[in-house]
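Novice: Pasting input_33.cif here (mmCIF, C-alpha atoms):
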data_input
#
loop_
_atom_site.label_atom_id
_atom_site.label_comp_id
_atom_site.auth_asym_id
_atom_site.auth_seq_id
_atom_site.Cartn_x
_atom_site.Cartn_y
_atom_site.Cartn_z
CA MET A 1 72.72 114.47 92.49
CA LYS A 2 76.25 115.82 92.67
CA LEU A 3 78.49 113.30 90.92
CA PRO A 4 82.07 112.59 91.98
CA GLU A 5 84.64 114.43 89.87
CA SER A 6 85.59 111.18 88.15
CA LEU A 7 82.18 111.04 86.42
CA ALA A 8 80.03 113.18 84.13
CA ILE A 9 76.78 112.95 82.19
CA LYS A 10 76.93 113.56 78.45
CA SER A 11 74.12 113.04 75.93
CA GLY A 12 72.14 111.02 78.43
CA HIS A 13 74.96 108.58 79.22
CA LEU A 14 77.24 108.28 82.25
CA TYR A 15 80.90 108.95 81.43
CA CYS A 16 84.00 107.98 83.38
CA GLY A 17 86.65 110.46 82.34
CA ASP A 18 86.08 110.94 78.62
CA VAL A 19 84.73 107.44 78.06
CA ASP A 20 81.10 106.35 77.75
CA THR A 21 80.41 103.72 80.40
CA VAL A 22 77.61 102.23 78.30
CA GLN A 23 80.08 101.55 75.50
CA LEU A 24 82.49 100.01 78.00
CA ALA A 25 79.73 97.68 79.20
CA GLU A 26 79.09 96.64 75.59
CA LYS A 27 82.80 96.08 74.90
CA PHE A 28 83.89 94.32 78.09
CA GLY A 29 80.60 92.89 79.35
CA THR A 30 79.05 93.14 82.77
CA PRO A 31 79.52 93.14 85.67
CA LEU A 32 82.46 95.52 85.24
CA TYR A 33 84.53 97.76 87.49
CA ILE A 34 85.74 101.01 85.88
CA THR A 35 88.35 103.25 87.52
CA ASN A 36 89.43 106.76 86.56
CA GLU A 37 93.23 106.83 86.95
CA ARG A 38 93.53 110.60 86.63
CA HIS A 39 91.17 111.03 89.56
CA VAL A 40 93.40 108.85 91.77
CA ILE A 41 96.49 110.81 90.76
CA LYS A 42 94.74 114.13 91.43
CA ASN A 43 93.66 112.94 94.86
CA TYR A 44 97.18 111.89 95.80
CA ARG A 45 98.67 115.22 94.78
CA ARG A 46 95.95 117.17 96.56
CA PHE A 47 96.36 115.30 99.85
CA GLU A 48 100.15 115.63 99.78
CA ALA A 49 100.00 119.34 98.95
CA ALA A 50 97.56 120.00 101.82
CA LEU A 51 99.94 118.47 104.36
CA LYS A 52 103.08 120.03 102.92
CA LYS A 53 101.74 123.52 103.55
CA TYR A 54 102.77 122.88 107.16
CA VAL A 55 105.85 120.63 107.00
CA ASP A 56 107.96 119.22 104.19
CA ASN A 57 108.70 115.87 105.81
CA VAL A 58 105.47 114.11 104.82
CA GLN A 59 104.87 110.60 103.50
CA LEU A 60 101.58 109.22 102.20
CA LEU A 61 101.24 105.48 102.68
CA TYR A 62 98.40 104.18 100.51
CA ALA A 63 96.18 101.76 102.45
CA ALA A 64 96.57 98.85 100.02
CA LYS A 65 93.64 96.96 101.55
CA ALA A 66 91.23 99.50 100.05
CA ASN A 67 92.00 98.42 96.50
CA GLU A 68 94.97 96.13 95.97
CA ASN A 69 95.01 96.10 92.15
CA PRO A 70 98.73 96.11 91.24
CA VAL A 71 98.12 98.61 88.44
CA LEU A 72 96.76 101.21 90.86
CA ILE A 73 99.59 100.51 93.29
CA GLN A 74 102.04 101.15 90.44
CA THR A 75 100.20 104.39 89.60
CA LEU A 76 100.59 105.62 93.18
CA ALA A 77 104.19 104.43 93.42
CA ARG A 78 105.02 106.66 90.47
CA GLU A 79 103.58 109.59 92.43
CA GLY A 80 105.86 108.84 95.38
CA ALA A 81 103.44 106.91 97.59
CA GLY A 82 104.40 104.23 100.03
CA ALA A 83 101.94 101.70 101.42
CA ASP A 84 100.39 100.38 104.58
CA VAL A 85 100.34 96.61 104.00
CA PHE A 86 98.52 93.88 105.92
CA SER A 87 99.67 90.70 104.22
CA LEU A 88 102.45 89.10 102.21
CA GLY A 89 100.30 89.59 99.11
CA GLU A 90 99.97 93.34 99.67
CA LEU A 91 103.68 93.47 100.51
CA ARG A 92 104.61 91.82 97.25
CA ALA A 93 102.24 94.04 95.23
CA ALA A 94 103.80 97.15 96.78
CA LEU A 95 107.39 96.08 96.13
CA GLU A 96 106.70 94.85 92.60
CA GLY A 97 104.73 98.03 91.92
CA GLY A 98 107.83 100.10 92.58
CA MET A 99 107.34 101.22 96.16
CA PRO A 100 110.68 101.27 98.06
CA ALA A 101 110.92 99.14 101.19
CA ASP A 102 111.57 102.22 103.33
CA LYS A 103 108.17 103.61 102.34
CA LEU A 104 106.27 100.56 103.55
CA LEU A 105 104.81 99.74 106.95
CA PHE A 106 103.73 96.18 107.76
CA ASN A 107 100.63 96.50 109.89
CA GLY A 108 98.18 94.12 111.58
CA SER A 109 97.16 92.69 114.92
CA SER A 110 97.76 89.03 114.08
CA LYS A 111 100.93 88.70 112.01
CA THR A 112 102.34 85.26 111.28
CA GLN A 113 105.94 84.23 111.71
CA ALA A 114 106.21 84.33 107.92
CA ASP A 115 104.92 87.93 107.89
CA LEU A 116 107.50 89.08 110.43
CA ARG A 117 110.31 87.19 108.77
CA ALA A 118 109.52 88.64 105.34
CA ALA A 119 109.43 92.18 106.71
CA VAL A 120 112.82 91.72 108.35
CA GLU A 121 114.36 90.16 105.25
CA HIS A 122 113.08 92.99 103.01
CA GLY A 123 114.07 95.76 105.41
CA ILE A 124 110.48 96.91 105.97
CA LYS A 125 109.38 98.76 109.08
CA ILE A 126 106.85 96.94 111.25
CA SER A 127 103.98 98.35 113.28
CA VAL A 128 104.20 96.05 116.30
CA ASP A 129 100.78 95.39 117.83
CA SER A 130 101.64 93.61 121.08
CA VAL A 131 104.49 92.73 123.42
CA ASP A 132 104.09 89.08 122.42
CA GLU A 133 104.68 90.07 118.80
CA LEU A 134 107.74 92.10 119.84
CA ARG A 135 109.23 89.04 121.53
CA GLN A 136 108.59 86.86 118.50
CA LEU A 137 110.21 89.50 116.31
CA ASP A 138 113.20 89.66 118.66
CA ALA A 139 113.73 85.91 118.25
CA ILE A 140 113.50 86.14 114.46
CA THR A 141 115.98 89.01 114.22
CA GLN A 142 118.45 87.17 116.45
CA GLU A 143 118.13 84.06 114.29
CA LEU A 144 118.61 86.04 111.07
CA LYS A 145 121.10 88.45 112.65
CA LYS A 146 119.33 91.23 110.78
CA PRO A 147 118.18 94.57 112.20
CA VAL A 148 114.65 95.90 111.86
CA LYS A 149 113.04 99.26 112.59
CA ILE A 150 109.68 99.28 114.30
CA GLY A 151 106.93 101.47 115.65
CA PHE A 152 104.26 100.38 118.08
CA ARG A 153 100.60 100.68 117.21
CA ILE A 154 98.97 102.72 119.92
CA ASN A 155 95.27 102.56 120.72
CA PRO A 156 94.26 106.14 121.60
CA GLU A 157 90.94 104.87 123.00
CA ILE A 158 88.69 107.53 121.50
CA ASN A 159 85.16 107.21 120.17
CA VAL A 160 84.64 108.01 116.50
CA PRO A 161 81.43 108.60 114.52
CA THR A 162 81.50 105.63 112.18
CA HIS A 163 80.17 102.08 111.84
CA PRO A 164 81.32 99.99 114.85
CA LYS A 165 82.86 97.37 112.57
CA ILE A 166 85.30 99.93 111.19
CA ALA A 167 86.05 101.84 114.40
CA THR A 168 89.60 100.76 115.25
CA GLY A 169 90.72 103.24 117.93
CA ILE A 170 88.01 102.61 120.52
CA LYS A 171 88.77 101.18 123.95
CA ASN A 172 87.70 97.60 123.17
CA SER A 173 89.38 97.43 119.73
CA LYS A 174 91.51 94.43 118.82
CA PHE A 175 94.14 96.81 117.43
CA GLY A 176 97.04 98.41 119.24
CA ILE A 177 98.42 98.83 122.75
CA PRO A 178 96.68 101.25 125.16
CA ALA A 179 98.58 104.50 125.62
CA GLU A 180 99.03 103.89 129.35
CA MET A 181 100.87 100.60 128.63
CA ILE A 182 103.02 101.78 125.76
CA LEU A 183 106.10 103.06 127.61
CA ASP A 184 106.89 99.61 128.97
CA ALA A 185 106.69 98.23 125.43
CA TYR A 186 109.20 100.81 124.18
CA LYS A 187 111.53 100.07 127.11
CA GLU A 188 111.52 96.38 126.20
CA ALA A 189 112.14 97.18 122.54
CA LEU A 190 115.11 99.36 123.41
CA ALA A 191 116.70 96.37 125.13
CA CYS A 192 116.46 94.16 122.02
CA LYS A 193 119.72 93.60 120.15
CA TYR A 194 118.49 93.95 116.56
CA ILE A 195 115.28 95.94 117.01
CA THR A 196 115.27 99.74 116.87
CA PRO A 197 112.07 101.56 117.79
CA VAL A 198 111.84 104.60 115.53
CA GLY A 199 108.13 105.24 115.14
CA MET A 200 104.60 105.38 116.46
CA HIS A 201 101.38 104.38 114.74
CA CYS A 202 97.65 104.67 115.27
CA HIS A 203 94.48 104.32 113.22
CA ILE A 204 91.16 105.38 114.69
CA GLY A 205 88.72 104.05 112.09
CA SER A 206 87.38 104.33 108.59
CA GLN A 207 84.78 106.48 106.77
CA ILE A 208 84.98 109.27 109.35
CA LEU A 209 83.05 112.40 108.35
CA GLU A 210 84.18 114.67 111.19
CA ILE A 211 87.57 116.28 111.66
CA GLU A 212 87.70 116.59 115.45
CA PRO A 213 88.54 112.90 116.17
CA PHE A 214 91.68 113.15 114.03
CA ALA A 215 92.89 116.20 115.95
CA ILE A 216 92.15 114.49 119.28
CA ALA A 217 94.06 111.37 118.22
CA CYS A 218 96.99 113.52 117.10
CA GLY A 219 97.08 115.17 120.52
CA VAL A 220 97.10 111.80 122.29
CA MET A 221 99.85 110.48 120.03
CA MET A 222 102.08 113.51 120.42
CA LYS A 223 101.83 113.39 124.22
CA VAL A 224 103.06 109.81 124.03
CA ALA A 225 105.75 110.87 121.54
CA LYS A 226 107.13 113.32 124.10
CA GLU A 227 107.31 110.62 126.80
CA VAL A 228 108.81 108.06 124.42
CA THR A 229 111.50 110.57 123.44
CA LYS A 230 112.45 110.93 127.11
CA LEU A 231 113.20 107.18 127.13
CA GLY A 232 115.82 107.70 124.45
CA VAL A 233 113.76 106.76 121.41
CA LYS A 234 114.67 108.84 118.35
CA LEU A 235 111.42 109.08 116.44
CA GLU A 236 111.78 109.01 112.66
CA PHE A 237 108.04 108.94 111.96
CA VAL A 238 104.62 109.21 113.54
CA ASP A 239 101.92 107.49 111.49
CA PHE A 240 98.39 108.77 112.10
CA GLY A 241 96.62 106.18 109.96
CA GLY A 242 93.81 106.91 107.55
CA GLY A 243 90.04 107.13 107.90
CA LEU A 244 89.04 110.28 106.02
CA GLY A 245 85.55 109.60 104.66
CA ILE A 246 83.88 110.27 101.30
CA PRO A 247 80.30 111.41 100.53
CA TYR A 248 78.42 108.20 99.68
CA HIS A 249 75.08 110.00 100.04
CA ARG A 250 74.87 112.42 97.11
CA GLY A 251 71.14 113.09 96.76
CA GLU A 252 68.76 115.34 98.70
CA ASN A 253 70.63 115.08 102.01
CA PRO A 254 74.24 114.67 100.90
CA ASP A 255 77.09 113.73 103.20
CA LYS A 256 79.41 116.58 104.09
CA ALA A 257 82.78 114.92 103.84
CA PRO A 258 85.88 116.72 105.14
CA THR A 259 88.59 117.68 102.68
CA PRO A 260 92.34 117.06 102.96
CA GLU A 261 92.75 120.80 103.47
CA GLU A 262 90.37 120.72 106.44
CA TYR A 263 92.13 117.64 107.80
CA ALA A 264 95.51 119.36 107.53
CA ALA A 265 94.25 122.57 109.11
CA ALA A 266 93.00 120.64 112.16
CA VAL A 267 95.80 118.12 112.63
CA MET A 268 99.02 119.70 111.41
CA PRO A 269 99.14 122.63 113.89
CA VAL A 270 98.78 120.12 116.74
CA PHE A 271 101.59 118.03 115.28
CA VAL A 272 103.90 120.98 114.60
CA ALA A 273 103.42 122.54 118.04
CA ALA A 274 103.99 119.24 119.82
CA CYS A 275 107.14 118.54 117.83
CA LYS A 276 108.51 121.96 118.76
CA GLU A 277 107.70 121.46 122.43
CA ALA A 278 109.35 118.03 122.52
CA GLY A 279 112.32 119.09 120.39
CA ILE A 280 111.73 116.39 117.78
CA SER A 281 111.23 116.34 114.01
CA PRO A 282 109.71 113.03 112.91
CA ALA A 283 108.10 112.62 109.51
CA PHE A 284 104.33 112.93 109.36
CA TRP A 285 102.89 109.72 107.91
CA VAL A 286 99.25 109.22 106.93
CA GLU A 287 97.44 106.29 105.30
CA PRO A 288 94.64 107.41 102.95
CA GLY A 289 92.87 104.52 101.24
CA ARG A 290 89.15 105.09 100.77
CA TRP A 291 89.67 108.83 100.17
CA MET A 292 92.28 108.09 97.54
CA VAL A 293 90.31 105.61 95.42
CA GLY A 294 86.70 105.38 96.61
CA GLU A 295 85.17 108.00 94.31
CA SER A 296 87.31 106.96 91.34
CA THR A 297 85.33 103.84 90.48
CA VAL A 298 81.90 102.62 89.40
CA LEU A 299 80.54 99.11 89.20
CA LEU A 300 78.49 98.55 86.05
CA THR A 301 75.83 95.88 86.15
CA LYS A 302 73.19 94.87 83.59
CA VAL A 303 69.48 94.50 84.35
CA ASN A 304 68.43 90.87 84.05
CA SER A 305 64.76 91.46 84.78
CA VAL A 306 62.31 93.80 86.46
CA LYS A 307 59.83 92.26 88.88
CA ARG A 308 56.77 94.16 90.11
CA VAL A 309 55.21 92.48 93.14
CA HIS A 310 54.76 94.04 96.62
CA LYS A 311 57.53 96.37 95.46
CA THR A 312 59.57 96.78 92.29
CA PHE A 313 62.81 94.78 92.11
CA ILE A 314 65.47 95.54 89.51
CA ASN A 315 67.43 92.31 89.28
CA VAL A 316 71.00 92.83 88.05
CA ASP A 317 74.00 90.63 87.32
CA ALA A 318 76.24 91.92 90.17
CA GLY A 319 75.61 91.13 93.81
CA PHE A 320 77.41 91.09 97.12
CA ASN A 321 79.91 88.70 95.61
CA LEU A 322 81.33 91.83 93.91
CA LEU A 323 80.32 94.60 96.33
CA ILE A 324 79.70 93.35 99.84
CA ARG A 325 79.58 96.71 101.63
CA PRO A 326 75.77 97.14 101.49
CA ALA A 327 75.19 93.64 102.86
CA MET A 328 77.99 93.79 105.44
CA TYR A 329 77.66 97.36 106.73
CA ASP A 330 74.22 98.45 105.46
CA SER A 331 76.25 100.88 103.39
CA TRP A 332 74.70 103.34 100.97
CA HIS A 333 75.86 103.59 97.36
CA GLU A 334 74.15 105.86 94.87
CA VAL A 335 72.94 104.15 91.68
CA ILE A 336 72.37 105.63 88.22
CA VAL A 337 70.91 104.01 85.13
CA ALA A 338 73.96 104.70 82.97
CA ASN A 339 72.14 104.67 79.62
CA LYS A 340 69.38 106.94 80.99
CA ALA A 341 71.58 109.10 83.19
CA ASP A 342 69.62 112.33 82.74
CA ALA A 343 66.14 110.79 82.57
CA PRO A 344 63.69 111.85 85.31
CA ALA A 345 62.83 109.46 88.12
CA LYS A 346 59.49 107.71 87.61
CA ILE A 347 59.67 104.63 89.82
CA THR A 348 60.86 103.59 93.25
CA ALA A 349 62.76 100.32 93.02
CA THR A 350 65.20 98.11 94.88
CA VAL A 351 68.31 96.95 93.02
CA THR A 352 69.07 93.33 93.86
CA GLY A 353 71.79 90.90 92.83
CA PRO A 354 71.80 87.29 91.64
CA ILE A 355 73.15 85.74 94.85
CA CYS A 356 71.07 83.15 96.70
CA GLU A 357 70.74 85.31 99.82
CA THR A 358 67.90 87.57 100.93
CA GLY A 359 70.46 90.19 101.90
CA ASP A 360 71.81 90.51 98.36
CA ILE A 361 70.56 94.06 97.93
CA LEU A 362 72.79 96.72 96.37
CA ALA A 363 70.40 99.65 96.75
CA ALA A 364 66.99 99.69 98.45
CA ASP A 365 64.03 101.89 97.53
CA ARG A 366 65.68 104.27 95.06
CA ASN A 367 63.99 106.76 92.77
CA LEU A 368 64.98 105.79 89.22
CA PRO A 369 63.82 106.27 85.64
CA GLU A 370 61.65 103.59 84.08
CA THR A 371 64.03 100.66 83.86
CA VAL A 372 63.90 97.60 81.62
CA THR A 373 65.87 94.44 80.91
CA GLY A 374 69.20 95.28 79.30
CA ASP A 375 69.65 98.68 80.93
CA ILE A 376 73.00 99.36 82.64
CA VAL A 377 73.00 100.34 86.30
CA ALA A 378 76.09 102.08 87.67
CA VAL A 379 76.87 101.72 91.37
CA LEU A 380 78.89 104.76 92.42
CA ASP A 381 81.83 105.19 94.77
CA ALA A 382 82.88 101.55 94.50
CA GLY A 383 86.65 102.00 94.34
CA ALA A 384 87.38 101.22 98.00
CA TYR A 385 86.57 97.83 99.50
CA GLY A 386 84.73 96.80 96.35
CA TYR A 387 86.75 94.37 94.27
CA ALA A 388 89.17 94.06 97.20
CA MET A 389 86.46 92.35 99.31
CA SER A 390 84.85 90.40 96.47
CA SER A 391 84.37 86.64 96.47
CA GLN A 392 83.44 83.68 94.31
CA TYR A 393 80.32 82.84 96.28
CA ASN A 394 77.75 80.80 94.34
CA SER A 395 80.70 79.83 92.08
CA ARG A 396 80.54 83.16 90.30
CA PRO A 397 83.86 84.26 88.76
CA ARG A 398 84.99 87.75 89.67
CA CYS A 399 84.48 90.39 87.01
CA PRO A 400 87.04 92.34 84.97
CA GLU A 401 88.41 95.76 85.86
CA VAL A 402 89.02 98.55 83.36
CA LEU A 403 91.30 101.55 83.83
CA VAL A 404 90.36 104.84 82.20
CA ASN A 405 92.82 107.64 81.54
CA GLY A 406 91.25 110.52 79.62
CA ASP A 407 89.77 108.95 76.49
CA LYS A 408 91.74 105.72 76.88
CA ALA A 409 90.24 102.60 78.46
CA GLU A 410 91.92 99.22 78.82
CA LEU A 411 91.69 96.16 81.01
CA MET A 412 93.72 96.18 84.20
CA ARG A 413 92.33 92.81 85.28
CA ARG A 414 90.59 90.26 83.08
CA ALA A 415 87.49 88.39 84.14
CA GLU A 416 87.99 85.15 86.02
CA THR A 417 86.92 81.85 84.50
CA TYR A 418 85.61 78.66 86.04
CA GLU A 419 89.06 77.19 85.43
CA ASP A 420 90.59 80.01 87.48
CA MET A 421 88.24 79.25 90.34
CA THR A 422 89.04 75.54 90.34
CA ALA A 423 92.77 75.76 89.54
CA THR A 424 93.75 75.05 93.16
CA VAL A 425 91.42 72.06 93.61
CA VAL A 426 93.15 68.74 94.31
CA TYR A 427 91.11 65.52 94.24
CA PRO A 428 92.02 62.98 96.94
CA SER A 429 93.17 59.63 95.62
CA TRP A 430 89.82 57.94 96.25
CA HIS A 431 88.10 60.55 94.08
CA ARG A 432 90.38 60.22 91.09
CA LYS A 433 89.20 58.40 88.00
#
Translate the structure described by the file into structure tokens.
Specialist:
Amino acid sequence: MKLPESLAIKSGHLYCGDVDTVQLAEKFGTPLYITNERHVIKNYRRFEAALKKYVDNVQLLYAAKANENPVLIQTLAREGAGADVFSLGELRAALEGGMPADKLLFNGSSKTQADLRAAVEHGIKISVDSVDELRQLDAITQELKKPVKIGFRINPEINVPTHPKIATGIKNSKFGIPAEMILDAYKEALACKYITPVGMHCHIGSQILEIEPFAIACGVMMKVAKEVTKLGVKLEFVDFGGGLGIPYHRGENPDKAPTPEEYAAAVMPVFVAACKEAGISPAFWVEPGRWMVGESTVLLTKVNSVKRVHKTFINVDAGFNLLIRPAMYDSWHEVIVANKADAPAKITATVTGPICETGDILAADRNLPETVTGDIVAVLDAGAYGYAMSSQYNSRPRCPEVLVNGDKAELMRRAETYEDMTATVVYPSWHRK
């Protein structure tokens, strides 16, 4: 198995950076998320460099939804990243992490009045998802007498090779305005007193392992950009969203995931040529999330028991409360017995969690070394949509997160307690003692 660059095997143990994951499990307990900070930084620099071979005016907006830990947001802010935010919580994390307001884009198809108001008050650009939303925003800006810059989210209506639940640019998607309807939206925005349309935005999906859809979407967007410019819109940015996939399958038939260099080689010439033809020079914005952090992280989980019945079950202390992707999307994550990382496979087993649901399976029918109670199983590529989508189902507190940098490893989020889970509970008067 080809490991992600964030990991290595040394003396039979799985290492994250220069730190033994087995020792981390002993020190901090399990379940435990471990993230390699240097890997995240390297990814950011690589993606930015790939794009800047073609144009200088590039801005990476980290997709905060992938992993919203404020420490990682601060790490990326220090590298110059902005953020694509979907909530007031992500907005606050980005601002407090050091990301300037002008490097943020407030996204989403169902923003509240509070969302729109906060974006206006903080001077944050908004990706407007409907004409109804534009009209609500117009009323808010007139009330506050504050200007706001916007882009419209355009649905390019293209099919992409990914799970249907994470395909966002298809014809029947809930996101965006169809390209054939977008000019009327820009015309209405131009008539608003405090709203200035300065951008365009699209996002075609997530975990995409082919390059062609990105180039097609870029072509659609730049045709619209030319028409929008004719209306008098001065485009400051075109945001092409994220979606670049990572190789979750790493065994005998590994995924071939595209690189940032391949992405840039396919998309940037289309962008540059279209800008020249239209006589415009907007910034190129892109929103990597999964590609930035997915491979940086492992979830460590301890074996509670091994059950041999009609098949062999390895029962561990992490379930879909901490990593819901396998249950929600039938997603594949490689697993390694961290304390036997170079041992040969001798059994076929299914790794299951402690949740009271039949679907609580982290990894089905995997070839693993002989495994016993107390062993540590590492679930790979868990940095994107892992902790960020976790829950407290079955009243299980969420686990701690550790950040590794070289040979240093420290908490970046402590484990929750029962008191944390119940801190917001209020007993009605007839329940009080």
Novice: Between A:Lys223, A:Lys53, A:Arg45, A:Arg325, single out the one closest to Ala363 in chain A, counting only C-alpha atoms.
Specialist: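 Looking at the shortest contact to Ala363 in chain A, the residue is A:Arg325.
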Novice: Can you turn the PyMOL selection byres ((chain A and resi 266-274) around 12) into a concrete residue list for this file, as a PyMOL selection string?
Specialist: chain A and resi 50-58+210-227+237-240+258-265+275-286
Novice: What is the distance, in Å and to one decimal place, between CA of Ala384 in chain A and CA of Arg250 in chain A?
Specialist: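 Those two atoms sit 16.8 Å apart.
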Novice: Applying the PyMOL selection byres ((chain A and resi 81-93) around 8) to the file I just gave you, which residues come out? Please list them as a PyMOL selection string.
Specialist: chain A and resi 59-65+68+70+73+76-80+94-97+99-100+103-108+115+118+287
Novice: Per residue of range 7-70 of chain A within 10 Å of range 365-380 of chain A, record the nearest atom pair and its distance in Å to one decimal, counting only C-alpha atoms, with rows in chain order and ascending residue number, as JSON lines.
Specialist:
{"residue": "A:Leu7", "atom": "CA", "partner": "A:Leu380", "partner_atom": "CA", "distance": 9.3}
{"residue": "A:Leu14", "atom": "CA", "partner": "A:Ala378", "partner_atom": "CA", "distance": 8.3}
{"residue": "A:Thr21", "atom": "CA", "partner": "A:Ala378", "partner_atom": "CA", "distance": 8.6}
{"residue": "A:Val22", "atom": "CA", "partner": "A:Ile376", "partner_atom": "CA", "distance": 7.0}
{"residue": "A:Ala25", "atom": "CA", "partner": "A:Ile376", "partner_atom": "CA", "distance": 7.7}
{"residue": "A:Glu26", "atom": "CA", "partner": "A:Ile376", "partner_atom": "CA", "distance": 9.7}
{"residue": "A:Thr30", "atom": "CA", "partner": "A:Ile376", "partner_atom": "CA", "distance": 8.7}
{"residue": "A:Pro31", "atom": "CA", "partner": "A:Ile376", "partner_atom": "CA", "distance": 9.5}
{"residue": "A:Leu32", "atom": "CA", "partner": "A:Ala378", "partner_atom": "CA", "distance": 9.5}
{"residue": "A:Tyr33", "atom": "CA", "partner": "A:Val379", "partner_atom": "CA", "distance": 9.5}
{"residue": "A:Ile34", "atom": "CA", "partner": "A:Ala378", "partner_atom": "CA", "distance": 9.9}
Novice: Name the residues in contact with range 407-418 of chain A at a cut-off of 6 Å, using only C-alpha atoms, excluding same-chain residues fewer than 4 positions from it; report them as an NGL selection string.
Specialist: :A and (18-19 or 397-403)
Novice: Out of A:Glu357, A:Pro147, A:Leu244, A:Arg135, which residue has the shortest atom-to-atom distance to Gly289 in chain A when counting all atoms listed in the file?
Specialist: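 Residue with the minimum atom-to-atom distance to Gly289 in chain A: A:Leu244.
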